[in-house]
Amino acid sequence: MKLVVTVMLKAGVLDPQGKAIGQALTGLGFEGVGEVRVGKRIELELAETDPVAAEAAGAEMARKLLANMVIESFKVEVA
Amino acid sequence: MKLVVTVMLKAGVLDPQGKAIGQALTGLGFEGVGEVRVGKRIELELAETDPVAAEAAGAEMARKLLANMVIESFKVEVA
Amino acid sequence: MRAAIVVFPGINRERDMAIALERATGHKPRLVWHKETALDGIDLVVLPGGFSHGDYLRCGAMAAQAPIMAAIRTHAERGGHVMGVCNGFQILTEAGLLPGALLRNASLRFLSQDCHLRVERADTAFACHYQSGQVFRAPMAHGDGNYFADDDTLDRLEGEGLVAFRYATPEGTIDRAANLNGSARNIAGIYASNLRVLGLMPHPEDLVDPLMGGTDGKPLFDGLTQALAAA
Amino acid sequence: MAKKINQALAREFGLSADEYQRVLDIMGRTPSLTELGVFSVMWSEHCSYKSSRVWLKTLPTKAPWVIHGPGENAGVVDIGDGMAAVFKMESHNHPSFIEPYQGAATGVGGILRDVFTMGARPVANLNALRFGDPSLPRTKRVVDGVVRGIGGYGNCVGVPTVGGEINFHPSYNGNPLVNAMTVGVLDKTRIFLSAAAGIGNPVVYVGSKTGRDGIHGATMASAEFAADSGEKRPTVQVGDPFVEKLLIEACLELMATDAIVAIQDMGAAGLTSSSVEMAGKGGVGIQLDLDAVPQRETDMTAYEMMLSESQERMLMVLRPDRQDLARAIFDKWDLDFAVIGHITDTGRIVVTHKGITEADIPLDPLAEQAPLYHRPTVETPKPASLGPVADPVGIVPALLKLIGCPDLCSRAWVTNQYDSTVGGQTVKRPGAADAAVVKLDGFNRALAITTDCTPRYVAADPEMGGMQAVAETWRNLTAVGARPLAITDNMNFGNPEKPEIMGQFAAAIRGMSKACIALDYPVVSGNVSLYNETEGKGILPTPAIGGLGVLDDAHDAIGIGLKPGMGLVLIGTIRGHLGQSLWLREIAGQEAGAPPPVDLAAERSIGDFVRGRILAGAVQACHDISDGGLLVAIAEMAMAGNTSVSLEAAPGEIAPHAWWFGEDQGCYIVSVLDPSAFIVEATVADLPTRLIGHTQASGTGGAGLKFKDGATISMQDLRAEHDRFFPEWMN
Ligand SMILES: Nc1ncnc2c1ncn2[C@@H]1O[C@H](COP(=O)(O)OP(=O)(O)O)[C@@H](O)[C@H]1O
Ligand SMILES: [Mg+2]
């Protein structure tokens with residue numbers, strides 16, 4: 001079963017990468033680029049076949065390792 | 001209009017970060033963790049209101065800057 | 001030899017590079033801001049190390065889009081010499097002036113330590129003061145120096161003799177232990193097809209003075225100065 | 001939504017009932033929320049030094065070469081050739097506990113700004129780190145995050161990280177110490193200060209935009225951690241080293257012009273402390289219009305903007321006719337530039353937002369009536385001196401264990417993550433010498449820099465420990481051949497409301513002062529971090545000292561690495577002091593006794609002699625004796641130079657383990673071509689020496705360390721033990 005964990009910086013936390021990308025896109029001539037936020041997409045292959053259990057495991061993984069709960073939030077989806 | 005560009009390493013390109021995460025998860029006691037791949041999720045706020053045009057702009061941004069086509073592939077979605 | 005160092009925002013080894021070039025040539029290289037668009041009268045263009053645009057998104061990706069890049073491309077097409085060190089190497093690959101890409105170090109950690117490089121060929125302007133097969137020491141300081149290219153590209157680079165330097169043991173053996181960042185086939189530096197564009201990860205410019213621990217990097221700058229004197 | 005302003009809210013903001021009453025008296029009315037916020041951060045421990053000020057005032061701060069002592073953003077000393085060095089150390093302990101990477105990273109960013117705000121280009125970073133018990137998983141995460149954070153920031157801004165120290169002790173389990181130090185250099189006629197001047201002059205904001213980052217960070221740094229400290233997490237700030245790099249370059253470019261009247265970084269308590277301090281120091285008033293502040297988030301209130309600790313921002317007062325020139329420079333570097341107010345003659349800070357006056361506070365009383373506490377102190381009882389302790393394992397096993405223990409093992413795993421060569425001026429990299437040596441670009445001159453403190457000594461005897469910390473930095477600078485000039489300090493202690501803790505603080509200051517006076521080595525800057533406790537348990541008292549010295553010629557600098565064909569001479573007196581030694585802790589399993597005494601007169605005469613011989617070119621390598629004692633020092637010298645040593649026997653009158661592992665102070669090991677000549681000269685100067693061994697003959701291999709009785713330790717075994725801990729622990 002494939003799981004996708006998306007990790008993004010919490011709202012309000014400075015995202016230096018996103019800011020720099022936004023500026024670069026504007027510099028390249030793209031118009032109307034507003035806020036840009038960059039996060040991680042983590043795709044995991046799991047032996048688990050039950051989607052509910054897989055999702056629970058993914059959330060546990062995110063809390064324990066994949067996300068830094070101080071500044072990031074996460075979302076788990078079964079792909 | 002909000003756009004999401006997802007950038008992942010191409011199959012065949014070694015992903016040391018994914019590998020390390022996989023090992024760390026197993027080390028934390030998670031069972032049945034197979035391949036792990038790590039990519040980027042870039043969320044962009046665009047002034048553009050037409051989804052088709054926005055998607056085209058996103059693909060253009062990805063080709064020019066957001067993805068390195070030598071090692072990465074990308075996907076653009078309107079959120 | 002008239003040399004120019006391109007300054008992208010976030011670059012931080014332009015001073016080191018200027019010192020090394022001045023030692024070799026006797027005069028200060030020109031510093032060129034990334035928003036400039038001309039490189040007239042320049043023999044050697046250097047893209048130095050650092051963190052252009054913070055290395056956000058991908059190392060070198062944003063710098064590769066800078067206004068000065070068109071002039072660098074033209075300079076290279078005309079057969080001018082170009083050297084990218086560390087971030088400069090990453091910028092050259094991102095700009096497509098050199099093949100491949102530099103991935104995160106295999107250890108996922110920044111590496112700041114001396115490494116040893118084996119000179120794979122000495123018949124270039126960059127390596128002419130080294131011997132082929134010679135090993136020299138250079139500090140490395142990068143988080144993303146793990147050279148990657150697909151097998152066809154790697155075969156072509158090797159086939160055409162475009163590998164400039166490989167990570168080696170001090171004795172010159174090419175093995176896994178010497179390959180600190182995990183680069184494909186221990187590659188530390190490569191040339192473009194005309195041997196006039198060089199990209200490499202370690203920093204010969206930081207080892208040109210016995211006071212700083214050695215002069216292993218000096219032949220590169222002396223060689224360039226001599227080879228391009230006539231240019 | 002509007003909070004009721006009363007004593008309860010004041011308490012939440014960290015103000016005591018007395019302090020709140022004082023606010024009411026100054027204002028003559030109930031303060032607004034923004035005003036209360038300003039008072040609470042300005043009167044926090046972090047900004048007001050209310051518990052420590054009475055003691056800090058007793059530190060010696062003057063010498064002919066001191067240009068600016070404490071009171072400015074950083075200390076400034078004359079280093080010759082018309083140049084000056086600017087340096088300071090600062091803590092980021094609490095943020096680093098909450099979020100190790102960002103906490104440490106922003107700590108580096110903050111101290112860099114204190115240095116370049118004075119006009120200096122930063123040339124070196126160091127860090128003094130203290131972590132908990134390595135067997136705890138949390139410690140590992142903190143170490144990993146802190147090291148990555150320091151590297152992530154320092155490497156990106158392109159300032160070499162050249163030195164520092166790391167200790168482990170369970171007292172830091174819930175409260176690691178992250179002290180970052182930056183050294184910069186400038187032309188001594190071009191020093192920029194923060195005192196505002198020029199009624200009507202524009203007040204200009206530059207750098208990053210303001211967000212809701214770290215609001216009340218300054219008060220957090222002033223409070224003890226409770227078990228629920230997770231609640232305080234939103235105060236974490238994210239650093240942007242790329243913007244910092246741009247800010248360095250843009251500020252230095254502007255500083256080459258005559259545009260700046262005054263400049264101040266926005267550190268703890270952000271816009272509040274920078275504007276209050278600039279106006280206060282200049283004896284003027286300041287008017288701020290918050291609508292003009294560059295904002296990253298929407299609907300920010302005046303309170304939030306005044307208290308935000310968003311990183312990478314500076315406040316300047318400019319000459320009005322140079323405003324356009326300044327704007328052009330910041331535009332070039334893609335940094336925000338906004339005129340957010342002007343200097344007034346009112347002696348007040350007036351803050352308006354959306355047409356409303358959000359704060360209007362008289363500056364004099366805000367500063368002068370800031371709380372100042374003479375907190376009660378209780379002296380730490382003098383420890384009983386240690387009786388004889390038997391050697392349970394023998395010399396060779398003890399050495400192998402000691403050089404592999406977390407406090408003494410190789411730091412390469414850490415230092416290899418820090419760019420130590422960027423700038424091209426690093427003469428002595430981490431591990432090569434007792435102090436880092438960084439040359440001044442364009443001069444022969446070099447700076448020597450080190451940080452030191454032995455917290456277990458300070459805990460056992462705070463006065464002696466404070467003295468020792470200063471003396472050790474002086475010794476380390478001397479050991480490379482540098483002339484020590486001045487120190488910065490970072491006083492990390494527990495809860496000052498506890499008399500025992502305040503007693504430690506006062507005694508440490510006393511000891512430091514004595515050492516500074518005896519060694520002509522004043523304090524020019526520093527930082528205080530109190531309330532380093534978790535649930536009532538304090539850290540070991542840790543007055544971290546950052547020492548700075550100068551070499552007229554960088555070529556004179558020597559390191560610790562041995563070469564073949566040399567004699568090794570000990571200078572100083574070893575009495576075999578095992579109290580509070582690492583041998584006692586690691587081998588005998590005790591943390592007991594008095595720390596080794598420091599004899600400041602002997603320290604001075606021996607150090608001055610050693611430096612003289614180094615500068616005369618008579619010494620090949622030099623290392624002081626510190627943690628682990630004589631044998632550990634010799635092993636480190638052997639490994640650093642990859643050269644074997646044959647040792648003379650221990651003198652009969654001292655137990656061998658006490659001789660080899662005692663941590664007696666004021667001792668150096670020198671490697672010299674002609675040991676007899678060295679000994680004669682020392683004897684003439686009435687200084688104690690002893691021949692302790694020889695390095696292998698030139699061109700021969702060696703046995704590593706070879707003892708007189710035939711016992712040997714191979715270089716491979718030494719290295720294997722020394723190199724093992726960090727990589728095994730982390731991988
Ligand atoms: N322990 C100390 N020893 C000497 N000077 C100190 C000490 N603590 C603080 N100072 C001085 O007090 C002033 C204020 O320091 P600080 O509040 O850390 O500055 P900043 O606002 O830049 O963070 C500085 O000049 C600093 O050098
Ligand atoms: Mg300051």
# chains A, B, ... in the order shown; residues from 1 in each chain; ligands from 1
>>> residues_near_ligand(ligand="ligand 1", cutoff="6 Å", atoms="only C-alpha atoms and all ligand atoms", output="ChimeraX atom specification")
/D:47,56,70-74,114,267-268,489-491,523,525-528
>>> write_last_selection(atoms="N, CA, C and O atoms", output="mmCIF file, in the first residue's frame")
data_model
loop_
_atom_site.group_PDB
_atom_site.id
_atom_site.type_symbol
_atom_site.label_atom_id
_atom_site.label_comp_id
_atom_site.auth_asym_id
_atom_site.auth_seq_id
_atom_site.Cartn_x
_atom_site.Cartn_y
_atom_site.Cartn_z
ATOM 1 N N CYS D 47 16.677 41.499 28.857
ATOM 2 C CA CYS D 47 17.030 42.827 28.368
ATOM 3 C C CYS D 47 17.530 43.752 29.470
ATOM 4 O O CYS D 47 18.311 44.660 29.208
ATOM 5 N N LEU D 56 27.714 42.374 37.349
ATOM 6 C CA LEU D 56 28.445 42.637 36.090
ATOM 7 C C LEU D 56 29.256 43.921 36.207
ATOM 8 O O LEU D 56 30.341 44.037 35.651
ATOM 9 N N PRO D 70 31.806 46.749 27.571
ATOM 10 C CA PRO D 70 30.388 46.396 27.623
ATOM 11 C C PRO D 70 29.509 47.632 27.508
ATOM 12 O O PRO D 70 29.888 48.710 27.966
ATOM 13 N N GLY D 71 28.356 47.465 26.907
ATOM 14 C CA GLY D 71 27.436 48.582 26.724
ATOM 15 C C GLY D 71 27.114 48.804 25.266
ATOM 16 O O GLY D 71 26.098 49.383 24.930
ATOM 17 N N GLU D 72 27.985 48.355 24.394
ATOM 18 C CA GLU D 72 27.683 48.440 22.961
ATOM 19 C C GLU D 72 27.206 47.069 22.487
ATOM 20 O O GLU D 72 27.184 46.109 23.242
ATOM 21 N N ASN D 73 26.877 46.987 21.211
ATOM 22 C CA ASN D 73 26.401 45.707 20.690
ATOM 23 C C ASN D 73 27.433 44.607 20.849
ATOM 24 O O ASN D 73 27.109 43.440 20.986
ATOM 25 N N ALA D 74 28.722 44.986 20.809
ATOM 26 C CA ALA D 74 29.800 44.028 21.002
ATOM 27 C C ALA D 74 31.004 44.814 21.487
ATOM 28 O O ALA D 74 31.045 46.036 21.378
ATOM 29 N N ASP D 114 25.068 41.357 15.917
ATOM 30 C CA ASP D 114 25.659 42.234 16.924
ATOM 31 C C ASP D 114 27.043 42.713 16.479
ATOM 32 O O ASP D 114 27.499 43.773 16.897
ATOM 33 N N GLY D 267 17.428 42.528 17.892
ATOM 34 C CA GLY D 267 17.662 41.227 18.507
ATOM 35 C C GLY D 267 16.480 40.819 19.350
ATOM 36 O O GLY D 267 15.326 40.918 18.920
ATOM 37 N N ALA D 268 16.758 40.415 20.570
ATOM 38 C CA ALA D 268 15.688 40.061 21.481
ATOM 39 C C ALA D 268 14.786 41.290 21.632
ATOM 40 O O ALA D 268 15.257 42.417 21.687
ATOM 41 N N ASP D 489 32.018 37.082 27.668
ATOM 42 C CA ASP D 489 31.592 35.971 28.511
ATOM 43 C C ASP D 489 30.123 35.702 28.314
ATOM 44 O O ASP D 489 29.368 36.549 27.847
ATOM 45 N N ASN D 490 29.736 34.503 28.631
ATOM 46 C CA ASN D 490 28.329 34.134 28.578
ATOM 47 C C ASN D 490 28.000 33.409 29.861
ATOM 48 O O ASN D 490 28.370 32.258 30.047
ATOM 49 N N MET D 491 27.331 34.122 30.763
ATOM 50 C CA MET D 491 27.065 33.602 32.103
ATOM 51 C C MET D 491 25.792 32.758 32.077
ATOM 52 O O MET D 491 24.693 33.297 32.093
ATOM 53 N N VAL D 523 37.116 42.280 30.370
ATOM 54 C CA VAL D 523 35.863 41.842 29.741
ATOM 55 C C VAL D 523 35.352 42.993 28.881
ATOM 56 O O VAL D 523 35.220 44.114 29.371
ATOM 57 N N SER D 525 32.611 42.445 26.491
ATOM 58 C CA SER D 525 31.211 42.220 26.110
ATOM 59 C C SER D 525 30.771 40.926 26.757
ATOM 60 O O SER D 525 31.592 40.210 27.332
ATOM 61 N N GLY D 526 29.517 40.644 26.665
ATOM 62 C CA GLY D 526 29.051 39.397 27.256
ATOM 63 C C GLY D 526 27.555 39.286 27.215
ATOM 64 O O GLY D 526 26.867 40.079 26.572
ATOM 65 N N ASN D 527 27.085 38.280 27.905
ATOM 66 C CA ASN D 527 25.666 37.971 27.873
ATOM 67 C C ASN D 527 25.359 37.157 29.118
ATOM 68 O O ASN D 527 26.224 36.471 29.632
ATOM 69 N N VAL D 528 24.130 37.285 29.599
ATOM 70 C CA VAL D 528 23.742 36.526 30.782
ATOM 71 C C VAL D 528 22.511 35.699 30.443
ATOM 72 O O VAL D 528 21.576 36.197 29.831
#
>>> select_by_dssp(residues="segment 9-187 of chain C", states="alpha helix (DSSP H)", output="count of residues only")
39
>>> closest_residue(among="A:Leu46, A:Pro51, A:Gln17, A:Ala62", to="Gly34 of chain B", atoms="only C-alpha atoms")
A:Leu46
>>> residues_near_ligand(ligand="ligand 2", cutoff="10 Å", atoms="only C-alpha atoms and all ligand atoms", output="ChimeraX atom specification")
/D:71-74,88,90,110-118,194,263-268,270,273-274,277,314
>>> write_last_selection(atoms="N, CA and C atoms", output="CSV table (one decimal), in the first residue's frame")
chain,number,residue,atom,x,y,z
D,71,GLY,N,28.4,47.5,26.9
D,71,GLY,CA,27.4,48.6,26.7
D,71,GLY,C,27.1,48.8,25.3
D,72,GLU,N,28.0,48.4,24.4
D,72,GLU,CA,27.7,48.4,23.0
D,72,GLU,C,27.2,47.1,22.5
D,73,ASN,N,26.9,47.0,21.2
D,73,ASN,CA,26.4,45.7,20.7
D,73,ASN,C,27.4,44.6,20.8
D,74,ALA,N,28.7,45.0,20.8
D,74,ALA,CA,29.8,44.0,21.0
D,74,ALA,C,31.0,44.8,21.5
D,88,LYS,N,31.7,39.2,20.5
D,88,LYS,CA,30.7,39.0,21.6
D,88,LYS,C,30.3,37.5,21.5
D,90,GLU,N,26.9,35.1,22.7
D,90,GLU,CA,25.5,35.2,23.2
D,90,GLU,C,24.8,33.8,23.2
D,110,GLY,N,21.9,35.9,15.3
D,110,GLY,CA,21.8,37.0,16.2
D,110,GLY,C,23.2,37.5,16.6
D,111,ILE,N,24.1,36.7,16.9
D,111,ILE,CA,25.4,37.2,17.3
D,111,ILE,C,26.2,37.8,16.1
D,112,LEU,N,26.0,37.2,14.9
D,112,LEU,CA,26.6,37.9,13.7
D,112,LEU,C,26.1,39.3,13.6
D,113,ARG,N,24.8,39.5,13.8
D,113,ARG,CA,24.3,40.9,13.7
D,113,ARG,C,24.8,41.9,14.7
D,114,ASP,N,25.1,41.4,15.9
D,114,ASP,CA,25.7,42.2,16.9
D,114,ASP,C,27.0,42.7,16.5
D,115,VAL,N,27.7,41.9,15.7
D,115,VAL,CA,29.1,42.3,15.3
D,115,VAL,C,29.1,43.2,14.0
D,116,PHE,N,28.3,42.8,13.0
D,116,PHE,CA,28.3,43.6,11.8
D,116,PHE,C,27.5,44.9,11.9
D,117,THR,N,26.7,45.0,12.9
D,117,THR,CA,26.0,46.2,13.1
D,117,THR,C,27.0,47.3,13.6
D,118,MET,N,28.2,46.9,14.0
D,118,MET,CA,29.2,47.9,14.4
D,118,MET,C,30.1,48.3,13.2
D,194,SER,N,25.2,52.8,18.3
D,194,SER,CA,23.7,52.8,18.2
D,194,SER,C,23.0,54.1,18.8
D,263,ILE,N,23.1,52.8,14.2
D,263,ILE,CA,22.5,51.5,13.7
D,263,ILE,C,22.5,50.5,14.8
D,264,GLN,N,21.5,49.7,14.8
D,264,GLN,CA,21.3,48.7,15.8
D,264,GLN,C,20.6,47.5,15.2
D,265,ASP,N,21.0,46.3,15.6
D,265,ASP,CA,20.3,45.1,15.1
D,265,ASP,C,19.0,45.0,15.9
D,266,MET,N,18.0,44.3,15.3
D,266,MET,CA,16.8,44.0,16.1
D,266,MET,C,17.0,42.6,16.6
D,267,GLY,N,17.4,42.5,17.9
D,267,GLY,CA,17.7,41.2,18.5
D,267,GLY,C,16.5,40.8,19.3
D,268,ALA,N,16.8,40.4,20.6
D,268,ALA,CA,15.7,40.1,21.5
D,268,ALA,C,14.8,41.3,21.6
D,270,GLY,N,13.1,42.6,19.5
D,270,GLY,CA,13.0,43.3,18.2
D,270,GLY,C,12.9,44.8,18.1
D,273,SER,N,13.2,46.9,21.6
D,273,SER,CA,14.5,47.2,22.3
D,273,SER,C,15.4,48.0,21.4
D,274,SER,N,15.4,47.7,20.1
D,274,SER,CA,16.3,48.5,19.2
D,274,SER,C,15.9,50.0,19.2
D,277,GLU,N,16.5,51.5,22.8
D,277,GLU,CA,17.9,51.7,23.1
D,277,GLU,C,18.6,52.8,22.3
D,314,MET,N,17.3,45.1,10.8
D,314,MET,CA,18.1,46.2,11.5
D,314,MET,C,17.4,47.5,11.5
>>> residues_around(residues="Ala54 of chain A", least_positions_apart="2", cutoff="10 Å", atoms="only C-alpha atoms", output="list in words")
Met1, Lys2, Leu3, Leu46, Ala47, Glu48, Thr49, Asp50, Pro51, Val52, Ala56, Ala57, Gly58, Ala59, Glu60, Val76, Glu77 and Val78 of chain A
>>> write_last_selection(atoms="all heavy atoms", output="compact mmCIF listing (two decimals), in the first residue's frame")
# COMPACT_ATOMS: atom_id res chain seq x y z
N MET A 1 0.83 -1.20 0.00
CA MET A 1 0.00 0.00 0.00
C MET A 1 0.87 1.25 0.00
O MET A 1 1.85 1.31 0.75
CB MET A 1 -0.84 -0.03 1.29
CG MET A 1 -1.56 1.26 1.59
SD MET A 1 -3.17 0.87 2.31
CE MET A 1 -4.10 0.32 0.89
N LYS A 2 0.55 2.21 -0.83
CA LYS A 2 1.38 3.40 -0.90
C LYS A 2 0.73 4.55 -0.13
O LYS A 2 -0.45 4.80 -0.25
CB LYS A 2 1.57 3.80 -2.36
CG LYS A 2 2.66 4.83 -2.51
CD LYS A 2 3.12 4.91 -3.96
CE LYS A 2 3.59 6.32 -4.26
NZ LYS A 2 3.90 6.50 -5.67
N LEU A 3 1.60 5.19 0.65
CA LEU A 3 1.13 6.27 1.51
C LEU A 3 1.86 7.54 1.10
O LEU A 3 3.04 7.52 0.79
CB LEU A 3 1.54 5.91 2.95
CG LEU A 3 0.62 6.30 4.08
CD1 LEU A 3 -0.75 5.66 3.89
CD2 LEU A 3 1.24 5.84 5.39
N LEU A 46 4.25 0.66 1.97
CA LEU A 46 4.05 -0.07 3.23
C LEU A 46 3.52 -1.47 2.96
O LEU A 46 2.77 -1.69 2.01
CB LEU A 46 3.02 0.65 4.11
CG LEU A 46 3.41 1.97 4.77
CD1 LEU A 46 2.39 2.33 5.83
CD2 LEU A 46 4.80 1.87 5.39
N ALA A 47 3.91 -2.41 3.83
CA ALA A 47 3.40 -3.79 3.70
C ALA A 47 1.92 -3.85 4.08
O ALA A 47 1.16 -4.66 3.58
CB ALA A 47 4.22 -4.73 4.58
N GLU A 48 1.54 -2.98 4.98
CA GLU A 48 0.15 -2.89 5.47
C GLU A 48 -0.83 -2.82 4.29
O GLU A 48 -0.60 -2.10 3.32
CB GLU A 48 0.04 -1.63 6.33
CG GLU A 48 -1.31 -1.37 6.95
CD GLU A 48 -1.72 -2.47 7.91
OE1 GLU A 48 -1.02 -2.67 8.91
OE2 GLU A 48 -2.74 -3.15 7.62
N THR A 49 -1.93 -3.55 4.40
CA THR A 49 -2.90 -3.51 3.29
C THR A 49 -4.21 -2.82 3.68
O THR A 49 -5.02 -2.48 2.83
CB THR A 49 -3.23 -4.93 2.80
OG1 THR A 49 -3.60 -5.70 3.94
CG2 THR A 49 -2.03 -5.56 2.10
N ASP A 50 -4.39 -2.63 4.99
CA ASP A 50 -5.62 -1.97 5.43
C ASP A 50 -5.41 -0.46 5.42
O ASP A 50 -4.55 0.06 6.13
CB ASP A 50 -5.96 -2.47 6.84
CG ASP A 50 -7.07 -1.64 7.47
OD1 ASP A 50 -7.92 -1.13 6.71
OD2 ASP A 50 -7.05 -1.49 8.71
N PRO A 51 -6.20 0.25 4.61
CA PRO A 51 -5.98 1.70 4.47
C PRO A 51 -6.08 2.45 5.80
O PRO A 51 -5.34 3.38 6.05
CB PRO A 51 -7.08 2.16 3.52
CG PRO A 51 -7.79 0.96 3.04
CD PRO A 51 -7.31 -0.23 3.79
N VAL A 52 -7.00 2.02 6.64
CA VAL A 52 -7.17 2.74 7.91
C VAL A 52 -5.93 2.57 8.78
O VAL A 52 -5.39 3.53 9.34
CB VAL A 52 -8.45 2.26 8.65
CG1 VAL A 52 -8.58 2.97 10.00
CG2 VAL A 52 -9.67 2.53 7.78
N ALA A 56 -3.12 5.37 9.91
CA ALA A 56 -2.76 5.59 11.32
C ALA A 56 -1.25 5.47 11.48
O ALA A 56 -0.61 6.26 12.19
CB ALA A 56 -3.47 4.58 12.20
N ALA A 57 -0.66 4.49 10.81
CA ALA A 57 0.79 4.32 10.91
C ALA A 57 1.50 5.55 10.35
O ALA A 57 2.48 6.05 10.91
CB ALA A 57 1.22 3.06 10.15
N GLY A 58 0.98 6.05 9.24
CA GLY A 58 1.58 7.24 8.62
C GLY A 58 1.55 8.44 9.54
O GLY A 58 2.54 9.18 9.65
N ALA A 59 0.44 8.60 10.24
CA ALA A 59 0.33 9.74 11.15
C ALA A 59 1.34 9.59 12.29
O ALA A 59 1.98 10.56 12.71
CB ALA A 59 -1.09 9.83 11.71
N GLU A 60 1.47 8.36 12.74
CA GLU A 60 2.42 8.08 13.81
C GLU A 60 3.86 8.38 13.34
O GLU A 60 4.66 8.98 14.05
CB GLU A 60 2.26 6.59 14.18
CG GLU A 60 3.18 6.06 15.22
CD GLU A 60 2.73 6.41 16.62
OE1 GLU A 60 1.65 7.02 16.76
OE2 GLU A 60 3.48 6.08 17.57
N VAL A 76 -1.77 12.96 5.87
CA VAL A 76 -1.47 11.60 5.39
C VAL A 76 -2.57 11.17 4.43
O VAL A 76 -3.75 11.34 4.72
CB VAL A 76 -1.42 10.61 6.57
CG1 VAL A 76 -1.05 9.22 6.08
CG2 VAL A 76 -0.44 11.07 7.63
N GLU A 77 -2.17 10.65 3.29
CA GLU A 77 -3.16 10.13 2.34
C GLU A 77 -2.74 8.76 1.84
O GLU A 77 -1.55 8.51 1.65
CB GLU A 77 -3.26 11.03 1.09
CG GLU A 77 -3.93 12.36 1.32
CD GLU A 77 -3.44 13.35 0.28
OE1 GLU A 77 -2.20 13.62 0.27
OE2 GLU A 77 -4.25 13.83 -0.53
N VAL A 78 -3.71 7.92 1.61
CA VAL A 78 -3.42 6.65 0.96
C VAL A 78 -3.47 6.90 -0.54
O VAL A 78 -4.42 7.49 -1.05
CB VAL A 78 -4.45 5.59 1.37
CG1 VAL A 78 -4.25 4.33 0.56
CG2 VAL A 78 -4.33 5.31 2.86
